[in-house]
Amino acid sequence: MSGQVGDLSPSQEKSLAQFRENIQDVLSALPNPHDYFLLRWLRARSFDLQKSEDMLRKHMEFRKQQDLANILAWQPPEVVRLYNANGICGHDGEGSPVWYHIVGSLDLKGLLLSASKQELLRDSFRSCELLLRECELQSQKLGKKVEKIIAIFDLEGLGLRDLWKPGIELLQEFLSALEANYPEILKSLIVVRAPKLFAVAFNLVKSYMSEETRRKVVILGENWKQELTKFISPDQLPVEFGGTHPDPDGNPKCLTKINYGGEVPKSYYLCKQVRLQYEHTRSVGRGSSLQVENEILFPGCVLRWQFASDGGDIGFGVFLKTKMGERQSAREMTEVLPSQRYNAHMVPEDGILTCLQAGSYVLRFDNTYSLVHSKRISYTVEVLLPDQTFMEKMEKF
């Protein structure tokens, strides 16, 4: 099969020829010097020759840095192989491979405590290279160019723990690398079994996706199994996803192809905590408390916090004010998360809470029980908003 492409305008043909000329010095080092490969970079930058060249040259650096030429021979650590929840299974009607990501059963905190961030990112890049290799095999098998993939994100069980800050930051870093190094390979990103919390999760990562990628996100409603067959024929879909494609042993989940993750056993942990940066440090005097107020404008927003103490343990609880404007004591406010003492001087604490009503929420650090020692508190508090577009879409389901 030749590397020629027939659907270009004369000016695009000219740009392609010029682009090939401009990157002559790196052509031999490219994984695939065909026109199809070069066009991915041109299309990603709307045929702007300089921007396309900059993008491709940065990718060449990335290839070296991640050793992509040998990544398929690399073995991820055992914990990543066993507990990273994804896999490639089946093809759509045009022959594009389908990649599954099982978000709800992914224990990202456990993985980040058991493997380095670089190993987890590298495993994700390895999946991308596996998908590209599958596209190449499909192209040879079908005698036509297959260069795009379909991704299915199963969000059943997505919960507040999945909004843990270091986990979200890892996802943001991966999405940035994906946009910069794997342009024009996504056909559709299909989301199934999404709870309302997805609107908050999506809002945290959408700025790391290009406008083009965001347009490819499809959320399926209650009849998702039926709707999925419009994208992928039933004989290519696992039984678990509404199809008729079983594992060789008849398992409906296709466990030989898709890994469903699960909780990482603590025996794999390499460290007790992930190092965090805090935005504020305040002193809480002996016998006193510190109140951090956050205004929540509408229900469905999420409060996320992390804190550490210096000088001993600290009490912590979340309250909702009953009167605006003035400081209230804990007794006068509505208790949302009961106050209790945490050994945050030994292990940093983090938490997350969905705000069911609008109002002024107070995160209260309590040192009233300590008559001798003041405490130093380092903390970060954020209000996570849902993405309005997706929230409206999901309310229709």
# chains A, B, ... in the order shown; residues from 1 in each chain; ligands from 1
call {"tool": "residues_around", "arguments": {"residues": "Lys196 in chain A", "least_positions_apart": "2", "cutoff": "8 Å", "atoms": "only C-alpha atoms", "output": "list of chain:residue names"}}
result
A:Ala194, A:Phe198, A:Ala199, A:Val200, A:Met391, A:Met394
call {"tool": "write_last_selection", "arguments": {"atoms": "all heavy atoms", "output": "PDB file, in the first residue's frame"}}
result
ATOM      1  N   ALA A 194     -21.838   7.403  32.853  1.00  0.00           N
ATOM      2  CA  ALA A 194     -21.254   8.568  33.539  1.00  0.00           C
ATOM      3  C   ALA A 194     -22.188   9.080  34.634  1.00  0.00           C
ATOM      4  O   ALA A 194     -23.330   9.410  34.350  1.00  0.00           O
ATOM      5  CB  ALA A 194     -20.974   9.677  32.533  1.00  0.00           C
ATOM      6  N   PHE A 198     -19.142  13.368  36.664  1.00  0.00           N
ATOM      7  CA  PHE A 198     -18.323  13.471  35.456  1.00  0.00           C
ATOM      8  C   PHE A 198     -18.200  14.927  34.999  1.00  0.00           C
ATOM      9  O   PHE A 198     -17.156  15.346  34.498  1.00  0.00           O
ATOM     10  CB  PHE A 198     -18.921  12.623  34.326  1.00  0.00           C
ATOM     11  CG  PHE A 198     -18.259  12.869  32.986  1.00  0.00           C
ATOM     12  CD1 PHE A 198     -16.938  12.513  32.771  1.00  0.00           C
ATOM     13  CD2 PHE A 198     -18.952  13.477  31.942  1.00  0.00           C
ATOM     14  CE1 PHE A 198     -16.322  12.750  31.545  1.00  0.00           C
ATOM     15  CE2 PHE A 198     -18.346  13.722  30.718  1.00  0.00           C
ATOM     16  CZ  PHE A 198     -17.027  13.356  30.524  1.00  0.00           C
ATOM     17  N   ALA A 199     -19.269  15.719  35.179  1.00  0.00           N
ATOM     18  CA  ALA A 199     -19.235  17.128  34.750  1.00  0.00           C
ATOM     19  C   ALA A 199     -18.144  17.903  35.487  1.00  0.00           C
ATOM     20  O   ALA A 199     -17.516  18.801  34.929  1.00  0.00           O
ATOM     21  CB  ALA A 199     -20.606  17.780  34.973  1.00  0.00           C
ATOM     22  N   VAL A 200     -17.883  17.528  36.757  1.00  0.00           N
ATOM     23  CA  VAL A 200     -16.810  18.179  37.537  1.00  0.00           C
ATOM     24  C   VAL A 200     -15.448  17.662  37.058  1.00  0.00           C
ATOM     25  O   VAL A 200     -14.512  18.432  36.832  1.00  0.00           O
ATOM     26  CB  VAL A 200     -16.990  17.910  39.051  1.00  0.00           C
ATOM     27  CG1 VAL A 200     -15.814  18.472  39.848  1.00  0.00           C
ATOM     28  CG2 VAL A 200     -18.296  18.516  39.545  1.00  0.00           C
ATOM     29  N   MET A 391     -23.149  19.113  32.139  1.00  0.00           N
ATOM     30  CA  MET A 391     -24.139  18.985  33.206  1.00  0.00           C
ATOM     31  C   MET A 391     -25.544  19.024  32.588  1.00  0.00           C
ATOM     32  O   MET A 391     -26.412  18.237  32.931  1.00  0.00           O
ATOM     33  CB  MET A 391     -23.964  20.114  34.228  1.00  0.00           C
ATOM     34  CG  MET A 391     -24.599  19.778  35.559  1.00  0.00           C
ATOM     35  SD  MET A 391     -23.863  20.667  36.911  1.00  0.00           S
ATOM     36  CE  MET A 391     -24.949  22.057  37.015  1.00  0.00           C
ATOM     37  N   MET A 394     -26.271  15.779  30.721  1.00  0.00           N
ATOM     38  CA  MET A 394     -26.500  14.633  31.597  1.00  0.00           C
ATOM     39  C   MET A 394     -27.834  14.721  32.321  1.00  0.00           C
ATOM     40  O   MET A 394     -28.411  13.721  32.704  1.00  0.00           O
ATOM     41  CB  MET A 394     -25.342  14.493  32.573  1.00  0.00           C
ATOM     42  CG  MET A 394     -24.081  14.063  31.845  1.00  0.00           C
ATOM     43  SD  MET A 394     -22.636  14.178  32.842  1.00  0.00           S
ATOM     44  CE  MET A 394     -22.864  12.767  33.854  1.00  0.00           C
TER      45      MET A 394
END
call {"tool": "select_by_dssp", "arguments": {"residues": "range 8-234 of chain A", "states": "strand (DSSP E or B)", "output": "list in words"}}
result
Asn86, Gly87, Ile88, Cys89, Gly90, His91, Pro97, Val98, Trp99, Tyr100, His101, Ile102, Leu106, Ile149, Ile150, Ala151, Ile152, Phe153, Asp154, Leu186, Lys187, Ser188, Leu189, Ile190, Val191, Val192, Val217, Val218 and Ile219 of chain A
call {"tool": "write_last_selection", "arguments": {"atoms": "N, CA and C atoms", "output": "mmCIF file, in the first residue's frame"}}
result
data_model
loop_
_atom_site.group_PDB
_atom_site.id
_atom_site.type_symbol
_atom_site.label_atom_id
_atom_site.label_comp_id
_atom_site.auth_asym_id
_atom_site.auth_seq_id
_atom_site.Cartn_x
_atom_site.Cartn_y
_atom_site.Cartn_z
ATOM 1 N N ASN A 86 -7.233 -0.877 31.591
ATOM 2 C CA ASN A 86 -7.501 -0.542 30.190
ATOM 3 C C ASN A 86 -7.175 -1.730 29.286
ATOM 4 N N GLY A 87 -7.386 -1.558 27.990
ATOM 5 C CA GLY A 87 -7.048 -2.622 27.046
ATOM 6 C C GLY A 87 -7.622 -2.366 25.661
ATOM 7 N N ILE A 88 -7.077 -3.071 24.671
ATOM 8 C CA ILE A 88 -7.544 -2.955 23.283
ATOM 9 C C ILE A 88 -8.380 -4.186 22.958
ATOM 10 N N CYS A 89 -9.596 -3.964 22.444
ATOM 11 C CA CYS A 89 -10.474 -5.103 22.123
ATOM 12 C C CYS A 89 -11.397 -4.747 20.953
ATOM 13 N N GLY A 90 -11.241 -5.456 19.843
ATOM 14 C CA GLY A 90 -12.142 -5.290 18.703
ATOM 15 C C GLY A 90 -11.849 -4.074 17.831
ATOM 16 N N HIS A 91 -12.677 -3.902 16.780
ATOM 17 C CA HIS A 91 -12.510 -2.815 15.806
ATOM 18 C C HIS A 91 -13.883 -2.279 15.417
ATOM 19 N N PRO A 97 -9.041 0.312 15.661
ATOM 20 C CA PRO A 97 -9.015 -0.397 16.942
ATOM 21 C C PRO A 97 -9.783 0.367 18.024
ATOM 22 N N VAL A 98 -10.315 -0.389 19.005
ATOM 23 C CA VAL A 98 -11.095 0.214 20.088
ATOM 24 C C VAL A 98 -10.333 0.024 21.396
ATOM 25 N N TRP A 99 -10.109 1.140 22.082
ATOM 26 C CA TRP A 99 -9.365 1.140 23.349
ATOM 27 C C TRP A 99 -10.325 1.421 24.496
ATOM 28 N N TYR A 100 -10.314 0.582 25.514
ATOM 29 C CA TYR A 100 -11.208 0.720 26.674
ATOM 30 C C TYR A 100 -10.422 1.250 27.875
ATOM 31 N N HIS A 101 -11.048 2.181 28.604
ATOM 32 C CA HIS A 101 -10.450 2.676 29.848
ATOM 33 C C HIS A 101 -11.514 2.526 30.936
ATOM 34 N N ILE A 102 -11.251 1.665 31.925
ATOM 35 C CA ILE A 102 -12.247 1.339 32.955
ATOM 36 C C ILE A 102 -11.972 2.216 34.183
ATOM 37 N N LEU A 106 -10.330 1.830 38.668
ATOM 38 C CA LEU A 106 -8.904 2.196 38.660
ATOM 39 C C LEU A 106 -8.538 2.823 40.001
ATOM 40 N N ILE A 149 -8.358 5.827 16.019
ATOM 41 C CA ILE A 149 -8.831 4.859 17.005
ATOM 42 C C ILE A 149 -10.107 5.377 17.674
ATOM 43 N N ILE A 150 -10.839 4.459 18.294
ATOM 44 C CA ILE A 150 -11.994 4.839 19.114
ATOM 45 C C ILE A 150 -11.638 4.533 20.562
ATOM 46 N N ALA A 151 -11.944 5.461 21.468
ATOM 47 C CA ALA A 151 -11.700 5.230 22.904
ATOM 48 C C ALA A 151 -13.045 5.173 23.619
ATOM 49 N N ILE A 152 -13.215 4.170 24.474
ATOM 50 C CA ILE A 152 -14.431 4.051 25.289
ATOM 51 C C ILE A 152 -14.048 4.201 26.754
ATOM 52 N N PHE A 153 -14.635 5.186 27.409
ATOM 53 C CA PHE A 153 -14.381 5.406 28.839
ATOM 54 C C PHE A 153 -15.601 4.930 29.623
ATOM 55 N N ASP A 154 -15.420 3.884 30.421
ATOM 56 C CA ASP A 154 -16.498 3.362 31.261
ATOM 57 C C ASP A 154 -16.368 3.994 32.646
ATOM 58 N N LEU A 186 -7.469 10.297 17.093
ATOM 59 C CA LEU A 186 -8.716 9.963 17.784
ATOM 60 C C LEU A 186 -9.923 10.200 16.877
ATOM 61 N N LYS A 187 -10.742 9.162 16.715
ATOM 62 C CA LYS A 187 -11.968 9.297 15.927
ATOM 63 C C LYS A 187 -13.116 9.752 16.834
ATOM 64 N N SER A 188 -13.326 9.030 17.951
ATOM 65 C CA SER A 188 -14.363 9.386 18.930
ATOM 66 C C SER A 188 -13.897 8.965 20.317
ATOM 67 N N LEU A 189 -14.297 9.752 21.311
ATOM 68 C CA LEU A 189 -14.074 9.373 22.705
ATOM 69 C C LEU A 189 -15.470 9.184 23.305
ATOM 70 N N ILE A 190 -15.857 7.933 23.500
ATOM 71 C CA ILE A 190 -17.234 7.621 23.915
ATOM 72 C C ILE A 190 -17.279 7.362 25.422
ATOM 73 N N VAL A 191 -18.147 8.101 26.111
ATOM 74 C CA VAL A 191 -18.280 7.972 27.562
ATOM 75 C C VAL A 191 -19.564 7.215 27.883
ATOM 76 N N VAL A 192 -19.447 6.133 28.676
ATOM 77 C CA VAL A 192 -20.635 5.377 29.080
ATOM 78 C C VAL A 192 -20.730 5.328 30.604
ATOM 79 N N VAL A 217 -15.853 14.131 21.998
ATOM 80 C CA VAL A 217 -16.385 13.458 23.190
ATOM 81 C C VAL A 217 -17.886 13.227 23.004
ATOM 82 N N VAL A 218 -18.302 11.973 23.116
ATOM 83 C CA VAL A 218 -19.714 11.597 22.961
ATOM 84 C C VAL A 218 -20.168 10.944 24.268
ATOM 85 N N ILE A 219 -21.224 11.489 24.885
ATOM 86 C CA ILE A 219 -21.743 10.877 26.116
ATOM 87 C C ILE A 219 -23.007 10.107 25.778
#
call {"tool": "residues_around", "arguments": {"residues": "Gln118 in chain A", "least_positions_apart": "5", "cutoff": "10 Å", "atoms": "only C-alpha atoms", "output": "list of chain:residue names"}}
result
A:Gln66, A:Leu112, A:Asp123, A:Ser124, A:Leu170
call {"tool": "closest_residue", "arguments": {"among": "A:Leu353, A:Leu276, A:Leu132, A:Val79", "to": "Glu169 in chain A", "atoms": "only C-alpha atoms"}}
result
A:Leu276
call {"tool": "residues_around", "arguments": {"residues": "Leu163 in chain A", "least_positions_apart": "6", "cutoff": "9 Å", "atoms": "only C-alpha atoms", "output": "list in words"}}
result
Val200, Ala201, Leu204, Arg304 and Ile352 of chain A
call {"tool": "atom_distance", "arguments": {"atom1": "CA of Ser207 in chain A", "atom2": "CA of Ile185 in chain A"}}
result
18.9 Å
